[in-house]
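K.L.:
Dropping in final.tsv, with TSV, C-alpha atoms.
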```tsv
chain	number	residue	atom	x	y	z
A	918	MET	CA	-19.40	19.18	17.59
A	919	ASP	CA	-16.86	16.55	18.58
A	920	LEU	CA	-14.20	15.76	15.95
A	921	ALA	CA	-13.95	12.25	17.41
A	922	GLU	CA	-17.40	11.57	15.99
A	923	ILE	CA	-16.19	12.74	12.57
A	924	VAL	CA	-13.30	10.27	12.75
A	925	GLN	CA	-15.70	7.55	13.85
A	926	CYS	CA	-17.90	8.22	10.83
A	927	ILE	CA	-14.90	8.10	8.48
A	928	LEU	CA	-13.88	4.78	10.04
A	929	TYR	CA	-17.40	3.46	9.51
A	930	LYS	CA	-17.23	4.49	5.87
A	931	LEU	CA	-13.85	2.73	5.49
A	932	LYS	CA	-15.06	-0.53	7.04
A	933	THR	CA	-18.47	-0.81	5.39
A	934	GLY	CA	-17.91	0.91	2.04
A	935	VAL	CA	-21.25	2.70	2.35
A	936	GLN	CA	-21.91	5.63	0.04
A	937	TRP	CA	-21.41	9.06	1.51
A	938	ASN	CA	-25.05	10.09	1.16
A	939	CYS	CA	-26.13	6.89	2.96
A	940	LEU	CA	-23.72	7.32	5.85
A	941	PHE	CA	-26.28	7.95	8.61
A	942	ILE	CA	-28.96	5.53	7.41
A	943	ASP	CA	-27.56	2.43	9.14
A	944	ILE	CA	-24.99	3.86	11.51
A	945	GLU	CA	-26.21	3.76	15.11
A	946	CYS	CA	-23.07	4.34	17.15
A	947	VAL	CA	-23.09	8.08	16.43
A	948	LYS	CA	-26.14	10.21	17.20
A	949	SER	CA	-25.10	13.53	15.75
A	950	GLN	CA	-26.87	16.53	14.33
A	951	PHE	CA	-24.44	17.15	11.47
A	952	SER	CA	-24.87	15.81	7.94
A	953	TRP	CA	-22.79	13.49	5.80
A	954	GLN	CA	-21.57	16.52	3.81
A	955	LEU	CA	-19.72	17.73	6.90
A	956	VAL	CA	-18.01	14.35	7.33
A	957	TYR	CA	-17.03	14.39	3.66
A	958	TYR	CA	-15.71	17.94	4.03
A	959	TYR	CA	-13.42	16.99	6.91
A	960	PHE	CA	-12.18	13.88	5.11
A	961	GLN	CA	-11.22	15.87	2.03
A	962	LYS	CA	-9.68	18.59	4.16
A	963	TRP	CA	-7.54	16.15	6.14
A	964	SER	CA	-6.69	14.19	3.01
A	965	LYS	CA	-5.34	17.24	1.16
A	966	ALA	CA	-3.40	18.29	4.27
A	967	GLY	CA	-1.77	14.85	4.54
A	968	VAL	CA	-3.19	14.13	7.99
A	969	PHE	CA	-3.76	10.42	7.35
A	970	GLU	CA	-0.21	10.00	6.02
A	971	GLN	CA	1.21	11.76	9.08
A	972	LEU	CA	-0.93	9.55	11.31
A	973	PHE	CA	0.46	6.43	9.66
A	974	MET	CA	4.03	7.70	9.94
A	975	PHE	CA	3.53	8.50	13.61
A	976	TYR	CA	2.28	5.02	14.52
A	977	LEU	CA	4.94	3.45	12.31
A	978	PHE	CA	7.55	5.27	14.38
A	979	LEU	CA	5.94	4.07	17.63
A	980	GLN	CA	5.74	0.43	16.51
A	981	LYS	CA	9.10	0.22	14.74
A	982	ASP	CA	10.65	-1.99	17.44
A	983	LYS	CA	7.91	-4.61	16.94
A	984	LEU	CA	8.46	-4.92	13.19
A	985	ASP	CA	10.48	-7.60	11.42
A	986	THR	CA	12.60	-5.41	9.16
A	987	GLU	CA	15.15	-8.12	8.40
A	988	ASN	CA	12.79	-9.49	5.76
A	989	LEU	CA	10.88	-7.11	3.49
A	990	ASN	CA	8.26	-7.94	0.88
A	991	LEU	CA	7.22	-5.91	-2.15
A	992	ASP	CA	4.09	-6.51	-4.17
A	993	GLY	CA	1.41	-4.66	-6.09
A	994	THR	CA	-2.37	-4.74	-5.82
A	995	HIS	CA	-5.05	-3.68	-8.30
A	996	SER	CA	-8.42	-2.18	-7.44
A	997	TYR	CA	-11.36	-1.91	-9.81
A	998	VAL	CA	-12.47	1.63	-10.70
A	999	LYS	CA	-16.13	2.35	-11.35
A	1000	ARG	CA	-15.99	6.06	-12.19
A	1001	THR	CA	-13.74	8.58	-13.90
A	1002	SER	CA	-10.70	9.06	-11.68
A	1003	GLU	CA	-7.03	9.89	-11.75
A	1004	SER	CA	-4.49	7.17	-12.64
A	1005	VAL	CA	-6.86	4.65	-14.21
A	1006	GLY	CA	-6.09	2.18	-17.01
A	1007	TYR	CA	-7.52	-0.99	-18.49
A	1008	GLN	CA	-5.97	-4.15	-17.06
A	1009	HIS	CA	-6.37	-7.16	-19.37
A	1010	ARG	CA	-5.72	-9.65	-16.60
A	1011	LYS	CA	-8.51	-8.14	-14.49
A	1012	LYS	CA	-10.68	-7.43	-17.55
A	1013	GLY	CA	-11.56	-3.97	-16.31
A	1014	LYS	CA	-10.29	-0.52	-15.41
A	1015	THR	CA	-8.04	-0.60	-12.36
A	1016	SER	CA	-5.59	1.43	-10.33
A	1017	ASN	CA	-2.36	-0.16	-9.14
A	1018	VAL	CA	-0.36	0.58	-6.02
A	1019	LEU	CA	2.85	-0.95	-4.64
A	1020	VAL	CA	2.91	-1.99	-0.98
A	1021	MET	CA	5.94	-2.93	1.12
A	1022	THR	CA	5.51	-5.11	4.20
A	1023	ASP	CA	7.79	-6.45	6.89
A	1024	GLY	CA	8.43	-10.13	7.58
A	1025	LYS	CA	5.10	-10.44	9.40
A	1026	GLY	CA	3.04	-8.90	6.63
A	1027	ILE	CA	2.55	-5.55	8.36
A	1028	PRO	CA	2.39	-2.64	5.87
A	1029	ILE	CA	5.29	-0.24	6.32
A	1030	ALA	CA	5.35	1.75	3.04
A	1031	ILE	CA	3.23	2.45	-0.01
A	1032	GLY	CA	3.95	3.88	-3.44
A	1033	ASP	CA	2.06	6.26	-5.67
A	1034	ILE	CA	-1.18	5.40	-7.47
A	1035	GLN	CA	-0.42	4.10	-10.98
A	1036	ASP	CA	-2.55	3.38	-14.02
A	1037	GLY	CA	-3.79	-0.19	-14.11
A	1038	ASN	CA	-2.46	-0.79	-17.62
A	1039	HIS	CA	1.15	-0.49	-16.37
A	1040	ASN	CA	3.05	-3.43	-14.93
A	1041	ASP	CA	4.69	-3.48	-11.52
A	1042	LEU	CA	8.03	-2.31	-12.93
A	1043	TYR	CA	6.65	1.02	-14.11
A	1044	GLN	CA	8.66	3.71	-12.28
A	1045	VAL	CA	9.52	1.10	-9.66
A	1046	VAL	CA	12.93	2.61	-8.84
A	1047	LYS	CA	11.39	6.01	-8.14
A	1048	GLN	CA	8.68	4.51	-5.95
A	1049	PHE	CA	11.17	2.25	-4.17
A	1050	ALA	CA	13.36	5.26	-3.38
A	1051	VAL	CA	10.40	7.11	-1.85
A	1052	MET	CA	9.49	4.08	0.28
A	1053	ILE	CA	13.00	3.76	1.67
A	1054	LYS	CA	13.10	7.50	2.32
A	1055	ASP	CA	9.86	7.29	4.32
A	1056	LEU	CA	11.22	4.36	6.33
A	1057	ASN	CA	14.39	6.27	7.15
A	1058	TYR	CA	12.28	9.25	8.19
A	1059	CYS	CA	10.50	7.01	10.71
A	1060	GLY	CA	13.81	5.76	12.07
A	1061	ILE	CA	13.60	2.29	10.47
A	1062	ASN	CA	16.94	0.97	9.25
A	1063	VAL	CA	16.64	-1.53	6.39
A	1064	GLU	CA	20.32	-2.09	5.63
A	1065	ASN	CA	21.31	-5.76	5.21
A	1066	SER	CA	17.62	-6.67	4.89
A	1067	ASN	CA	16.24	-9.19	2.40
A	1068	LEU	CA	13.69	-7.92	-0.12
A	1069	ASN	CA	11.35	-10.63	-1.42
A	1070	ALA	CA	9.53	-9.98	-4.70
A	1071	ASP	CA	8.02	-12.14	-7.42
A	1072	LYS	CA	9.32	-12.45	-10.95
A	1073	GLY	CA	7.26	-9.45	-12.03
A	1074	PHE	CA	9.89	-7.28	-10.29
A	1075	ASP	CA	12.89	-8.91	-11.95
A	1076	ALA	CA	14.81	-5.98	-13.39
A	1077	LYS	CA	18.43	-4.86	-13.29
A	1078	SER	CA	17.42	-1.35	-12.26
A	1079	LEU	CA	15.58	-2.57	-9.15
A	1080	ARG	CA	18.37	-4.96	-8.17
A	1081	ARG	CA	20.88	-2.12	-8.58
A	1082	ALA	CA	18.71	0.19	-6.46
A	1083	CYS	CA	18.58	-2.43	-3.70
A	1084	ARG	CA	22.32	-3.01	-3.66
A	1085	ARG	CA	22.95	0.74	-3.63
A	1086	ARG	CA	21.01	0.89	-0.35
A	1087	LYS	CA	22.71	-2.26	1.03
A	1088	ILE	CA	19.51	-4.32	0.65
A	1089	ILE	CA	19.75	-7.92	-0.55
A	1090	PRO	CA	17.31	-8.45	-3.47
A	1091	ASN	CA	15.70	-11.89	-3.21
A	1092	ILE	CA	13.76	-11.66	-6.48
A	1093	LYS	CA	12.70	-14.67	-8.48
A	1094	GLU	CA	14.22	-14.58	-11.95
A	1095	ASN	CA	11.91	-14.11	-14.92
A	1096	VAL	CA	13.39	-15.96	-17.88
A	1097	ARG	CA	11.28	-13.95	-20.32
A	1098	ASN	CA	13.16	-10.79	-19.37
A	1099	ARG	CA	16.52	-12.28	-20.34
A	1100	LYS	CA	17.52	-12.65	-23.96
A	1101	HIS	CA	20.77	-14.39	-23.03
A	1102	LYS	CA	21.82	-16.49	-20.08
A	1103	LYS	CA	23.77	-14.73	-17.36
A	1104	ARG	CA	27.46	-15.46	-17.38
A	1105	GLY	CA	29.45	-16.16	-14.27
A	1106	ARG	CA	27.92	-16.46	-10.81
A	1107	LYS	CA	24.16	-16.93	-10.58
A	1108	ARG	CA	21.95	-14.28	-9.04
A	1109	TYR	CA	21.21	-14.62	-5.35
A	1110	PHE	CA	17.91	-16.36	-4.64
A	1111	HIS	CA	16.90	-17.99	-1.34
A	1112	LYS	CA	13.91	-20.30	-1.77
A	1113	GLU	CA	13.05	-20.56	1.92
A	1114	LEU	CA	12.99	-16.79	2.36
A	1115	TYR	CA	10.95	-16.43	-0.80
A	1116	LYS	CA	8.26	-18.70	0.63
A	1117	ARG	CA	7.67	-16.16	3.42
A	1118	ARG	CA	6.31	-13.78	0.79
A	1119	VAL	CA	2.92	-15.40	1.38
A	1120	VAL	CA	2.36	-12.88	4.20
A	1121	ASN	CA	1.59	-10.35	1.46
A	1122	GLU	CA	-1.50	-12.34	0.52
A	1123	ARG	CA	-2.57	-12.28	4.14
A	1124	LEU	CA	-2.21	-8.49	4.17
A	1125	PHE	CA	-4.38	-8.18	1.06
A	1126	ALA	CA	-6.97	-10.36	2.80
A	1127	TRP	CA	-6.89	-7.96	5.74
A	1128	LEU	CA	-7.37	-5.03	3.37
A	1129	ASP	CA	-10.41	-6.75	1.85
A	1130	ALA	CA	-12.08	-6.32	5.24
A	1131	PHE	CA	-12.10	-2.58	4.51
A	1132	LYS	CA	-14.88	-2.53	1.92
A	1133	THR	CA	-14.02	0.96	0.67
A	1134	LEU	CA	-10.70	-0.39	-0.68
A	1135	LEU	CA	-12.34	-3.15	-2.74
A	1136	ILE	CA	-13.71	-0.86	-5.47
A	1137	ARG	CA	-12.45	2.66	-6.06
A	1138	PHE	CA	-15.03	5.43	-6.27
A	1139	ASP	CA	-12.68	8.27	-5.29
A	1140	THR	CA	-11.71	10.67	-8.04
A	1141	LEU	CA	-8.50	12.04	-6.54
A	1142	ASN	CA	-5.38	9.99	-5.91
A	1143	SER	CA	-4.86	11.81	-2.63
A	1144	SER	CA	-8.20	10.55	-1.32
A	1145	TRP	CA	-7.51	6.99	-2.45
A	1146	LEU	CA	-4.11	7.04	-0.74
A	1147	SER	CA	-5.66	8.45	2.42
A	1148	TRP	CA	-7.96	5.44	2.70
A	1149	HIS	CA	-4.93	3.15	2.47
A	1150	TYR	CA	-3.00	5.14	5.06
A	1151	PHE	CA	-5.96	5.00	7.44
A	1152	ALA	CA	-6.33	1.24	6.94
A	1153	PHE	CA	-2.59	0.72	7.46
A	1154	THR	CA	-2.77	2.71	10.69
A	1155	LEU	CA	-5.54	0.48	12.03
A	1156	ILE	CA	-3.46	-2.60	11.22
A	1157	LEU	CA	-0.43	-1.11	13.00
A	1158	LEU	CA	-2.53	-0.57	16.11
A	1159	LYS	CA	-2.95	-4.35	16.38
A	1160	VAL	CA	0.77	-5.17	16.23
```
When written as structure tokens, how does the structure in this file appear?
P.N.:
Amino acid sequence: MDLAEIVQCILYKLKTGVQWNCLFIDIECVKSQFSWQLVYYYFQKWSKAGVFEQLFMFYLFLQKDKLDTENLNLDGTHSYVKRTSESVGYQHRKKGKTSNVLVMTDGKGIPIAIGDIQDGNHNDLYQVVKQFAVMIKDLNYCGINVENSNLNADKGFDAKSLRRACRRRKIIPNIKENVRNRKHKKRGRKRYFHKELYKRRVVNERLFAWLDAFKTLLIRFDTLNSSWLSWHYFAFTLILLKV
């Protein structure tokens, strides 16, 4: 048995979103004698061992010189959940049960960091400082310096705690102000906000369009958060290969 064929089957599952038990019905590129249970076994084994995360970190380290780290973007994305899983909540805006995850991209819209899986009923600010700290730690581990970088985020991330966390790490927060979060007007100098840099945040929407090409990420059927994160890490790795 060739493990490259196992990886090819996992990639086929990621791109097409086919069910595990229907894996070998339409696939023609692999003529193997093993069953779909064996492919599922290796995926779960590698997922629990953190292989897909290590793969993403490795290629992130290799491609770090091609990334635009002067401008960072932070945004969250919701995925519908169709079965009982970890970290699931009802999202009124989506009118369904979802799971939320924060994604950080560079100035070109290339994914460089991802947060933990959160319940869909929480907003983007839920434990955002903790997740932001983990993202920056992962970037430093890959040798990516983000000091003096601009962090673009929409008004859903307007919070004093996040701005303080950015300044503590010498990152310039370019976050649009949410007037509903402020009971009183700010005294003194206005908060920094660059409109032209904020317009570049549209690359996040392009990234989410790229992720929609991976049909497995459209609707969550995975029970474990580790498996759901592994699919994202694998998709991010494939995007990094095209940089």
K.L.:
Which is closer to A:His1111 than all the others in A:Val1096, A:Val998, A:Lys1087, A:Leu1068, using all atoms listed in the file?
P.N.:
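Ranking A:Val1096, A:Val998, A:Lys1087, A:Leu1068 by distance to A:His1111, first place goes to A:Leu1068.
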K.L.:
Considering only C-alpha atoms, return as a list in words whatever protein or nucleic-acid residues lie within 12 Å of A:Leu1155, sequence-local ones (same chain, fewer than 6 positions apart) excluded.
P.N.:
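So, after excluding close chain neighbours, the residues are Leu928, Leu931, Lys932, Phe969, Leu972, Phe973, Tyr976, Leu977, Ile1027, Pro1028, Trp1127, Leu1128, Ala1130, Phe1131, Trp1148 and His1149 of chain A.
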K.L.:
Just write the chosen residues, C-alpha atoms, as a short mmCIF file (atom, residue, chain, number, x, y, z; two decimals), in the coordinates of the input.
P.N.:
```
data_model
loop_
_atom_site.label_atom_id
_atom_site.label_comp_id
_atom_site.auth_asym_id
_atom_site.auth_seq_id
_atom_site.Cartn_x
_atom_site.Cartn_y
_atom_site.Cartn_z
CA LEU A 928 -13.88 4.78 10.04
CA LEU A 931 -13.85 2.73 5.49
CA LYS A 932 -15.06 -0.53 7.04
CA PHE A 969 -3.76 10.42 7.35
CA LEU A 972 -0.93 9.55 11.31
CA PHE A 973 0.46 6.43 9.66
CA TYR A 976 2.28 5.02 14.52
CA LEU A 977 4.94 3.45 12.31
CA ILE A 1027 2.55 -5.55 8.36
CA PRO A 1028 2.39 -2.64 5.87
CA TRP A 1127 -6.89 -7.96 5.74
CA LEU A 1128 -7.37 -5.03 3.37
CA ALA A 1130 -12.08 -6.32 5.24
CA PHE A 1131 -12.10 -2.58 4.51
CA TRP A 1148 -7.96 5.44 2.70
CA HIS A 1149 -4.93 3.15 2.47
#
```
K.L.:
Using all atoms listed in the file, which of the listed residues (A:Glu1094, A:Lys1107, A:Asn988, A:Glu1113) sits closest to A:Asn1065?
P.N.:
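Of the candidates, the smallest distance to A:Asn1065 is held by A:Asn988.
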K.L.:
Excluding A:Val1018 and residues on its chain fewer than 4 positions from it, collect all residues at most 7 Å away from it, counting only C-alpha atoms, and give them as a list of chain:residue names.
P.N.:
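Within the cut-off, the hits are A:Gly993, A:Thr994, A:His995, A:Gly1032, A:Asp1033, A:Ile1034, A:Gln1035.
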K.L.:
Tell me which of A:Asn1067, A:Asn1040, A:Asn1121, A:Thr1001 sits closest to A:Gly1026, counting only C-alpha atoms.
P.N.:
A:Asn1121
K.L.:
Hey, can you check how far atom CA of A:Gly1024 sits from atom CA of A:Asn1091?
P.N.:
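Result for atom CA of A:Gly1024 versus atom CA of A:Asn1091: 13.1 Å, one decimal.
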K.L.:
What does the distance from atom CA of A:Ala1050 to atom CA of A:Asn1142 come to in Å, to one decimal?
P.N.:
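For atom CA of A:Ala1050 relative to atom CA of A:Asn1142, the distance reads 19.5 Å.
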K.L.:
If you measure from atom CA of A:Thr1140 to atom CA of A:Tyr958, what distance in Å do you get, rounded to one decimal?
P.N.:
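Between atom CA of A:Thr1140 and atom CA of A:Tyr958 the gap is 14.6 Å.
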K.L.:
From (24.0, -2.3, 5.2), in the file's coordinates, out to 8 Å: which residues are reached, counting all atoms listed in the file? Answer as a ChimeraX atom specification.
P.N.:
/A:1063-1066,1086-1088
K.L.:
Looking at A:Phe1151, A:Trp937, A:Tyr1115, A:Phe1049, which one is nearest to A:Ile1092, with distances taken over all atoms listed in the file?
P.N.:
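Of A:Phe1151, A:Trp937, A:Tyr1115, A:Phe1049, the one nearest A:Ile1092 is A:Tyr1115, counting all atoms listed in the file.
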K.L.:
Which residues are close to A:Gly934, i.e. within 8 Å by all atoms listed in the file, leaving aside same-chain residues fewer than 4 positions away? Reply as a PyMOL selection string.
P.N.:
chain A and resi 929-930+1131-1134
K.L.:
For a quick check of understanding, using all atoms listed in the file, which of A:Leu989, A:Asp1139, A:Glu970, A:Gln980 has the smallest distance to A:Ala1152?
P.N.:
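Under the stated criterion, the closest residue is A:Glu970.
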K.L.:
With distances taken over all atoms listed in the file, which of A:Ile1156, A:Phe1125, A:Ala1030, A:Asp1036 is nearest to A:Lys1014?
P.N.:
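Of A:Ile1156, A:Phe1125, A:Ala1030, A:Asp1036, the one nearest A:Lys1014, counting all atoms listed in the file, is A:Asp1036.
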